[in-house]
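K.L.:
After the structure tokens below, expect a handful of questions from me.
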Amino acid sequence: MTVLIIGGGIGGLALALTCHQIGVPFKVFEASRTIQPLGVGINIQPNAVRELYALGLENALPNIGVKTREYGMFSRHGLEIWTEPRGEWAGYKWPQYSVHRGELQMLLYNTLVERAGADCVETGWRCSGFENTEESANAHLVNSATGEKRIENASLIIGADGIHSAVRHQMHPDEGPPIWGGAVLWRGTARGKPFRIGASMALIGHGTQRIVAYPISEADPDTGFATINWITELTYDPGAGWNKEDWNREVDASEFLPMFKDWSYDWVDIPALVTQSDRVYEYPMVDRDPLECWTQGRVSLIGDAAHATYPVGSNGATQAIMDARKLGRAFFDHGVNPSALKAYEDEMRPPTTRVTLANRGSGPDAVLQMIEDRCGGMFDRLEDVASHEELSAHAAQYKSIAGTAIEALNNSPDIIADGAKVRLV
Ligand SMILES: Cc1cc2nc3c(=O)[nH]c(=O)nc-3n(C[C@H](O)[C@H](O)[C@H](O)COP(=O)(O)OP(=O)(O)OC[C@H]3O[C@@H](n4cnc5c(N)ncnc54)[C@H](O)[C@@H]3O)c2cc1C
């Protein structure tokens with residue numbers, strides 16, 4: 001009855017915690033030799049925070065992030081276009097959290113090891129492929145240090161192995177590498193004074209040049225400083241090619257900072273934040289085409305392996321957590337078998353496909369480009385450029401695509417009832 005989870009990132013660990021919670025035997029194989037707190041800021045939307053609470057992490061989340069109170073869009077001149085409350089302040093029963101990705105991964109990992117024992121995660125084992133047999137499935141594993149090979153047998157295999165998924169590659173061998181659409185991100189964190197109302201997430205600029213900034217820690221009561229996550233983004237000709245995407249490629253800020261030297265406002269000074277950051281990471285923004293199918297027999301995919309999307313709209317980690325919980329739910333309804341995988345895919349593939357496509361086109365911040373086109377981002381009265389109704393309709397549309405509409409979420413039943421265990425037959 002064991003479920004083999006390939007990849008100990010956000011999605012794989014959320015699934016492992018879910019399996020432990022509902023009594024399904026599991027094992028995680030992670031390619032990295034140690035699990036380290038890599039990455040910078042990410043956001044977890046209220047639907048996924050609800051699931052982290054259901055996993056018993058409510059009291060731990062304040063230690064690794066802040067409850068986001070406000071989301072705002074600003075022109076490249078720093079002028080306010082649209083702001084809206086977030087999480088509990090918007091009427092959700094659960095908050096939105098801005099956290100450090102690596103600290104979230106460590107929280108999930110440490111909680112899992114505490115609850116299920118250290119043996120449930122084996123690091124240093126890379127999955128190279130799988131095979132379905134009549135009654136089970138085999139995962140082929142290679143030791144990342146020694147090259148030693150082994151085969152693990154299980155009832156089901158779940159590829160949670162990220163955007164370069166080996167499991168997905170075997171299912172879709174002709175797919176090719178992730179697709180670069182022309183945007184390059186540079187990311188970092190610096191200590192600074194939280195701006196606006198303290199836990200505000202700001203998107204500044206327009207379609208081809210923009211900045212995202214938000215705090216990922218509470219302000220220190222003595223200094224008033226918090227850790228501020230920032231992302232600068234420039235768009236190039238996609239035909240030009242770029243360095244291989246890697247979330248952790250360090251670069252010098254001089255590669256992009258001159259393009260943002262004037263992006264300093266009375267409420268936030270972006271060049272100062274960039275200059276004060278110890279490390280800057282570059283990431284060519286890539287995604288993958290949505291798949292027609294992500295299950296083969298006893299093997300399926302979750303998270304980025306299933307639906308890698310542009311990191312706009314704060315949905316990557318959220319969707320990975322939701323996949324994990326919906327798959328756990330499918331084990332209740334269908335048992336730990338291929339029918340559960342099919343039910344899970346039938347439920348999750350259509351909405352995640354819509355999010356991937358929405359993020360390519362009119363993502364949540366297409367409004368920024370609309371304002372840039374109409375007035376170059378400079379205006380005295382916003383209402384002369386765009387009506388409140390127009391801006392509001394745009395925000396509501398993306399929320400309903402991403403599955404985070406307030407009433408729908410607040411009124412939806414628990415995905416997994418508290419204390420429920422799967423009956424293993
Ligand atoms: C090191 C790192 C840093 C990141 N930083 C950011 C960031 O700063 N901002 C942001 O928005 N997103 C970041 N991401 C992506 C973000 O975590 C995901 O988009 C999202 O959380 C979905 O999670 P996931 O579990 O599907 O994938 P991931 O979180 O990418 O996890 C995939 C895991 O699978 C492991 N793995 C890969 N191949 C194999 C294999 N063949 N066998 C076994 N294990 C394998 C990887 O080592 C990784 O631990 C980062 C991802 C990684 C891996």
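Residues in the structure tokens are named by chain (A, B, ... in the order shown) and by number from 1 within that chain; ligands are numbered from 1 in the order shown.
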At a cut-off of 7 Å around ligand 1, and using only C-alpha atoms and all ligand atoms, what residues come up? Please write them as number ranges by chain.
P.N.:
A: 6-12, 29-32, 38-42, 101, 125-128, 160-166, 247-248, 302-305, 308, 311, 316-317, 320
K.L.:
How about saving the chosen residues, N, CA and C atoms kept, as a short mmCIF file (atom, residue, chain, number, x, y, z; two decimals), in the first residue's frame?
P.N.:
data_model
loop_
_atom_site.label_atom_id
_atom_site.label_comp_id
_atom_site.auth_asym_id
_atom_site.auth_seq_id
_atom_site.Cartn_x
_atom_site.Cartn_y
_atom_site.Cartn_z
N ILE A 6 8.28 11.12 -5.19
CA ILE A 6 9.58 11.49 -5.79
C ILE A 6 9.72 13.00 -5.67
N GLY A 7 10.63 13.46 -4.81
CA GLY A 7 10.85 14.90 -4.64
C GLY A 7 10.36 15.38 -3.28
N GLY A 8 11.28 15.99 -2.53
CA GLY A 8 10.95 16.51 -1.18
C GLY A 8 10.88 18.02 -1.18
N GLY A 9 10.22 18.60 -2.21
CA GLY A 9 9.96 20.05 -2.21
C GLY A 9 8.65 20.33 -1.49
N ILE A 10 8.04 21.46 -1.83
CA ILE A 10 6.83 21.87 -1.12
C ILE A 10 5.69 20.87 -1.35
N GLY A 11 5.49 20.47 -2.61
CA GLY A 11 4.39 19.57 -2.92
C GLY A 11 4.62 18.17 -2.35
N GLY A 12 5.82 17.63 -2.53
CA GLY A 12 6.13 16.28 -2.05
C GLY A 12 6.00 16.17 -0.54
N PHE A 29 11.62 10.14 -1.73
CA PHE A 29 12.99 10.12 -2.23
C PHE A 29 13.32 11.47 -2.82
N GLU A 30 14.35 12.11 -2.28
CA GLU A 30 14.73 13.46 -2.71
C GLU A 30 16.15 13.41 -3.30
N ALA A 31 16.32 14.05 -4.47
CA ALA A 31 17.61 13.98 -5.17
C ALA A 31 18.72 14.73 -4.42
N SER A 32 18.41 15.86 -3.80
CA SER A 32 19.46 16.62 -3.10
C SER A 32 20.00 15.80 -1.94
N LEU A 38 16.46 26.67 0.58
CA LEU A 38 16.80 27.44 -0.63
C LEU A 38 15.61 28.24 -1.15
N GLY A 39 15.91 29.30 -1.88
CA GLY A 39 14.87 30.14 -2.48
C GLY A 39 14.73 31.44 -1.74
N VAL A 40 13.78 32.26 -2.19
CA VAL A 40 13.48 33.51 -1.47
C VAL A 40 11.98 33.52 -1.20
N GLY A 41 11.33 34.69 -1.33
CA GLY A 41 9.94 34.78 -0.87
C GLY A 41 8.95 34.10 -1.80
N ILE A 42 7.92 33.51 -1.21
CA ILE A 42 6.77 33.03 -1.98
C ILE A 42 5.51 33.37 -1.18
N ARG A 101 10.58 30.66 1.00
CA ARG A 101 10.33 29.31 0.47
C ARG A 101 11.12 28.23 1.21
N TRP A 125 18.82 10.47 -3.37
CA TRP A 125 18.37 9.46 -4.34
C TRP A 125 17.55 10.14 -5.42
N ARG A 126 18.06 10.11 -6.64
CA ARG A 126 17.39 10.74 -7.79
C ARG A 126 16.61 9.68 -8.56
N CYS A 127 15.36 9.96 -8.84
CA CYS A 127 14.56 9.03 -9.64
C CYS A 127 14.96 9.19 -11.11
N SER A 128 15.23 8.08 -11.78
CA SER A 128 15.59 8.16 -13.20
C SER A 128 14.47 7.64 -14.10
N ALA A 160 6.73 14.36 -7.65
CA ALA A 160 6.65 15.72 -7.10
C ALA A 160 8.02 16.35 -7.31
N ASP A 161 8.60 16.08 -8.49
CA ASP A 161 10.01 16.40 -8.71
C ASP A 161 10.21 17.66 -9.55
N GLY A 162 9.27 18.59 -9.43
CA GLY A 162 9.51 19.95 -9.90
C GLY A 162 9.51 20.13 -11.41
N ILE A 163 9.97 21.31 -11.81
CA ILE A 163 9.83 21.71 -13.23
C ILE A 163 10.67 20.84 -14.17
N HIS A 164 11.75 20.20 -13.65
CA HIS A 164 12.56 19.32 -14.50
C HIS A 164 12.23 17.85 -14.25
N SER A 165 11.01 17.58 -13.89
CA SER A 165 10.57 16.23 -13.47
C SER A 165 11.02 15.10 -14.40
N ALA A 166 11.72 14.13 -13.80
CA ALA A 166 12.11 12.94 -14.56
C ALA A 166 10.90 12.04 -14.80
N TRP A 247 16.99 27.99 -10.07
CA TRP A 247 16.49 28.93 -9.06
C TRP A 247 17.62 29.55 -8.26
N ASN A 248 18.82 28.97 -8.31
CA ASN A 248 19.86 29.44 -7.39
C ASN A 248 21.11 29.96 -8.07
N ILE A 302 2.32 15.75 -9.27
CA ILE A 302 1.72 16.88 -8.54
C ILE A 302 2.67 18.08 -8.64
N GLY A 303 2.14 19.27 -8.31
CA GLY A 303 2.96 20.48 -8.24
C GLY A 303 3.54 20.86 -9.59
N ASP A 304 4.76 21.43 -9.55
CA ASP A 304 5.39 21.91 -10.80
C ASP A 304 5.60 20.78 -11.80
N ALA A 305 5.79 19.57 -11.33
CA ALA A 305 5.96 18.44 -12.26
C ALA A 305 4.72 18.30 -13.14
N ALA A 308 3.90 23.30 -14.26
CA ALA A 308 4.80 24.42 -13.98
C ALA A 308 4.24 25.67 -14.65
N PRO A 311 5.85 32.24 -12.25
CA PRO A 311 5.62 32.63 -10.84
C PRO A 311 5.00 34.02 -10.73
N GLY A 316 2.43 28.97 -7.41
CA GLY A 316 3.20 27.73 -7.53
C GLY A 316 3.10 26.86 -6.29
N ALA A 317 3.46 27.40 -5.14
CA ALA A 317 3.42 26.62 -3.91
C ALA A 317 1.98 26.31 -3.51
N ALA A 320 0.70 23.42 -5.51
CA ALA A 320 1.35 22.16 -5.12
C ALA A 320 0.72 21.62 -3.83
#
K.L.:
Could you name the residues that touch range 133-143 of chain A at 10 Å or less, counting only C-alpha atoms, but leaving out those on the same chain fewer than 6 positions away, as an MDAnalysis selection string?
P.N.:
chainID A and resid 1:6 29:33 123:127 149:158 167 297:299 337:338
K.L.:
Would you export the selected residues with C-alpha atoms as a compact mmCIF listing (two decimals), in the first residue's frame, please?
P.N.:
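File produced: out_30.txt:
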# COMPACT_ATOMS: atom_id res chain seq x y z
CA MET A 1 0.00 0.00 0.00
CA THR A 2 3.02 2.30 0.01
CA VAL A 3 2.99 5.56 -1.94
CA LEU A 4 6.43 6.57 -3.23
CA ILE A 5 6.82 10.32 -3.44
CA ILE A 6 9.58 11.49 -5.79
CA PHE A 29 12.99 10.12 -2.23
CA GLU A 30 14.73 13.46 -2.71
CA ALA A 31 17.61 13.98 -5.17
CA SER A 32 19.46 16.62 -3.10
CA ARG A 33 21.87 15.17 -0.57
CA THR A 123 17.85 12.18 0.52
CA GLY A 124 20.52 11.75 -2.14
CA TRP A 125 18.37 9.46 -4.34
CA ARG A 126 17.39 10.74 -7.79
CA CYS A 127 14.56 9.03 -9.64
CA LYS A 149 21.23 2.06 -8.49
CA ARG A 150 18.19 0.52 -6.81
CA ILE A 151 14.56 -0.22 -7.54
CA GLU A 152 11.73 0.50 -5.09
CA ASN A 153 8.36 -1.14 -5.47
CA ALA A 154 5.09 0.53 -4.40
CA SER A 155 1.34 0.69 -4.94
CA LEU A 156 1.59 4.17 -6.44
CA ILE A 157 4.37 6.57 -7.47
CA ILE A 158 3.84 10.33 -7.34
CA VAL A 167 8.76 11.22 -13.99
CA GLY A 297 -1.24 3.53 -14.70
CA ARG A 298 -0.04 3.73 -11.09
CA VAL A 299 2.06 6.85 -11.57
CA ASN A 337 -5.08 2.77 -6.33
CA PRO A 338 -5.13 4.04 -9.92
K.L.:
So that I can see what lies close to Thr232 in chain A, please list as a list in words the residues with an atom at most 10 Å from it, counting only C-alpha atoms and leaving out residues fewer than 4 positions away in the same chain.
P.N.:
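Surrounding residues, per the criterion: Val184, Leu185, Trp186, Arg187, Gly188, Leu203, Ile204, Gly205, Gln209, Arg210, Ile211, Val212, Ala213, Phe256, Leu257, Met259, Phe260, Ile270, Val274 and Glu282 of chain A.
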K.L.:
Write to file, as a CSV table (one decimal), in the first residue's frame, the residues of the selection just made, with N, CA and C atoms.
P.N.:
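Printed below is selection24.csv as written:
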chain,number,residue,atom,x,y,z
A,184,VAL,N,13.1,37.8,-17.6
A,184,VAL,CA,14.1,37.3,-16.6
A,184,VAL,C,13.9,38.0,-15.3
A,185,LEU,N,13.9,37.2,-14.2
A,185,LEU,CA,13.7,37.7,-12.9
A,185,LEU,C,15.0,37.7,-12.1
A,186,TRP,N,15.2,38.8,-11.3
A,186,TRP,CA,16.3,38.8,-10.4
A,186,TRP,C,15.7,38.9,-9.0
A,187,ARG,N,16.2,38.1,-8.0
A,187,ARG,CA,15.5,38.1,-6.8
A,187,ARG,C,16.4,38.2,-5.6
A,188,GLY,N,16.0,38.7,-4.5
A,188,GLY,CA,16.8,38.8,-3.3
A,188,GLY,C,16.0,39.3,-2.1
A,203,LEU,N,3.2,45.5,-6.6
A,203,LEU,CA,3.6,45.2,-8.0
A,203,LEU,C,3.7,46.6,-8.6
A,204,ILE,N,4.9,46.9,-9.2
A,204,ILE,CA,5.2,48.2,-9.7
A,204,ILE,C,5.7,48.1,-11.1
A,205,GLY,N,5.2,48.9,-12.1
A,205,GLY,CA,5.7,48.9,-13.4
A,205,GLY,C,4.7,48.6,-14.5
A,209,GLN,N,8.7,45.5,-17.7
A,209,GLN,CA,9.6,46.0,-16.7
A,209,GLN,C,8.9,46.2,-15.4
A,210,ARG,N,9.1,45.4,-14.4
A,210,ARG,CA,8.4,45.5,-13.2
A,210,ARG,C,9.1,45.0,-12.0
A,211,ILE,N,8.5,45.3,-10.9
A,211,ILE,CA,9.1,44.9,-9.6
A,211,ILE,C,8.0,44.4,-8.7
A,212,VAL,N,8.3,43.4,-7.9
A,212,VAL,CA,7.4,42.9,-6.8
A,212,VAL,C,8.2,43.0,-5.5
A,213,ALA,N,7.5,43.6,-4.5
A,213,ALA,CA,8.2,43.7,-3.2
A,213,ALA,C,7.2,43.4,-2.1
A,256,PHE,N,21.4,44.3,-13.9
A,256,PHE,CA,20.1,44.8,-14.2
A,256,PHE,C,19.7,46.1,-13.4
A,257,LEU,N,20.5,46.5,-12.4
A,257,LEU,CA,20.1,47.6,-11.5
A,257,LEU,C,20.1,48.9,-12.3
A,259,MET,N,18.8,49.6,-15.0
A,259,MET,CA,17.5,49.8,-15.6
A,259,MET,C,16.4,50.2,-14.6
A,260,PHE,N,16.8,50.1,-13.3
A,260,PHE,CA,15.8,50.4,-12.2
A,260,PHE,C,16.3,51.6,-11.4
A,270,ILE,N,13.5,51.0,-4.2
A,270,ILE,CA,13.9,49.7,-4.7
A,270,ILE,C,15.4,49.6,-4.9
A,274,VAL,N,17.9,46.6,-3.4
A,274,VAL,CA,18.7,45.7,-4.2
A,274,VAL,C,20.2,45.8,-3.7
A,282,GLU,N,19.3,35.0,-10.3
A,282,GLU,CA,18.7,35.2,-11.6
A,282,GLU,C,17.8,34.0,-11.9
K.L.:
Check the DSSP output for the backbone and give back, as a PyMOL selection string, the residues of range 85-172 of chain A in helix (DSSP H, G or I).
P.N.:
chain A and resi 87-90+101-116+118-120+166-171
K.L.:
Would you output that residue set with N, CA and C atoms, as a short mmCIF file (atom, residue, chain, number, x, y, z; two decimals), in the first residue's frame?
P.N.:
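Saved result, selection25.cif, follows:
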data_model
loop_
_atom_site.label_atom_id
_atom_site.label_comp_id
_atom_site.auth_asym_id
_atom_site.auth_seq_id
_atom_site.Cartn_x
_atom_site.Cartn_y
_atom_site.Cartn_z
N GLY A 87 -6.28 38.09 2.33
CA GLY A 87 -6.48 37.12 3.40
C GLY A 87 -7.65 37.48 4.29
N GLU A 88 -7.44 37.40 5.62
CA GLU A 88 -8.53 37.66 6.57
C GLU A 88 -9.07 39.07 6.41
N TRP A 89 -8.22 40.02 6.01
CA TRP A 89 -8.66 41.41 5.86
C TRP A 89 -9.59 41.57 4.66
N ALA A 90 -9.58 40.59 3.74
CA ALA A 90 -10.48 40.63 2.59
C ALA A 90 -11.76 39.86 2.86
N ARG A 101 10.58 30.66 1.00
CA ARG A 101 10.33 29.31 0.47
C ARG A 101 11.12 28.23 1.21
N GLY A 102 12.41 28.52 1.45
CA GLY A 102 13.27 27.53 2.10
C GLY A 102 12.82 27.25 3.52
N GLU A 103 12.36 28.28 4.21
CA GLU A 103 11.91 28.06 5.60
C GLU A 103 10.61 27.26 5.62
N LEU A 104 9.76 27.48 4.61
CA LEU A 104 8.54 26.65 4.52
C LEU A 104 8.92 25.19 4.28
N GLN A 105 9.87 24.97 3.37
CA GLN A 105 10.30 23.60 3.08
C GLN A 105 10.87 22.95 4.34
N MET A 106 11.68 23.70 5.09
CA MET A 106 12.27 23.14 6.32
C MET A 106 11.19 22.86 7.36
N LEU A 107 10.19 23.75 7.45
CA LEU A 107 9.09 23.53 8.40
C LEU A 107 8.36 22.23 8.06
N LEU A 108 8.05 22.03 6.77
CA LEU A 108 7.35 20.81 6.37
C LEU A 108 8.22 19.59 6.65
N TYR A 109 9.51 19.71 6.31
CA TYR A 109 10.43 18.57 6.49
C TYR A 109 10.59 18.22 7.98
N ASN A 110 10.87 19.23 8.81
CA ASN A 110 11.09 18.97 10.24
C ASN A 110 9.83 18.43 10.90
N THR A 111 8.67 18.95 10.49
CA THR A 111 7.41 18.46 11.06
C THR A 111 7.20 17.00 10.67
N LEU A 112 7.50 16.69 9.41
CA LEU A 112 7.32 15.32 8.92
C LEU A 112 8.21 14.35 9.69
N VAL A 113 9.48 14.73 9.84
CA VAL A 113 10.43 13.85 10.52
C VAL A 113 10.02 13.66 11.99
N GLU A 114 9.56 14.74 12.60
CA GLU A 114 9.09 14.67 14.00
C GLU A 114 7.91 13.70 14.13
N ARG A 115 7.01 13.74 13.17
CA ARG A 115 5.78 12.93 13.28
C ARG A 115 5.98 11.50 12.78
N ALA A 116 6.76 11.35 11.70
CA ALA A 116 6.81 10.04 11.04
C ALA A 116 8.18 9.37 11.15
N ALA A 118 12.70 9.88 10.93
CA ALA A 118 13.65 10.33 9.90
C ALA A 118 13.70 9.39 8.69
N ASP A 119 13.34 8.11 8.90
CA ASP A 119 13.45 7.13 7.80
C ASP A 119 12.48 7.39 6.66
N CYS A 120 11.48 8.22 6.89
CA CYS A 120 10.46 8.37 5.84
C CYS A 120 10.94 9.24 4.68
N ALA A 166 11.72 14.13 -13.80
CA ALA A 166 12.11 12.94 -14.56
C ALA A 166 10.90 12.04 -14.80
N VAL A 167 9.96 12.05 -13.85
CA VAL A 167 8.76 11.22 -13.99
C VAL A 167 7.92 11.73 -15.17
N ARG A 168 7.76 13.06 -15.22
CA ARG A 168 7.02 13.65 -16.35
C ARG A 168 7.74 13.37 -17.67
N HIS A 169 9.06 13.46 -17.64
CA HIS A 169 9.83 13.26 -18.87
C HIS A 169 9.59 11.87 -19.44
N GLN A 170 9.52 10.88 -18.55
CA GLN A 170 9.26 9.52 -19.06
C GLN A 170 7.85 9.43 -19.66
N MET A 171 6.90 10.12 -19.04
CA MET A 171 5.52 10.08 -19.58
C MET A 171 5.41 10.81 -20.91
#
K.L.:
Go through A:Gly147, A:Gly91, A:Pro194, A:Gly176 and flag the residue nearest Val268 in chain A, using only C-alpha atoms for the distances.
P.N.:
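The shortest atom-to-atom distance to Val268 in chain A comes from A:Pro194.
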K.L.:
Run DSSP on the backbone and grab whatever in range 41-283 of chain A lands in strand (DSSP E or B); send it over as a ChimeraX atom specification.
P.N.:
/A:41-44,65-68,70-74,80-85,96-100,121-123,125-132,137-143,149-154,156-159,179-192,200-206,209-215,226-235,249-250,264,269,281-283
K.L.:
As a PyMOL selection string, please: the residues near Glu51 in chain A (cut-off 10 Å, only C-alpha atoms, same-chain neighbours under 4 positions excluded).
P.N.:
chain A and resi 14+18+46-47+55-58+94+318+321-322+324-325+414-416
K.L.:
Could you pull the residues within 10 Å of Ala202 in chain A, counting only C-alpha atoms, minus those fewer than 4 positions along the same chain, as a list in words?
P.N.:
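Listing them by chain and then by number gives Glu70, Tyr71, Gly72, Met73, Phe74, Gly78, Glu80, Trp82, Thr83, Phe195, Arg196, Ile211, Val212, Ala213, Tyr214, Pro215, Trp230 and Val268 of chain A.
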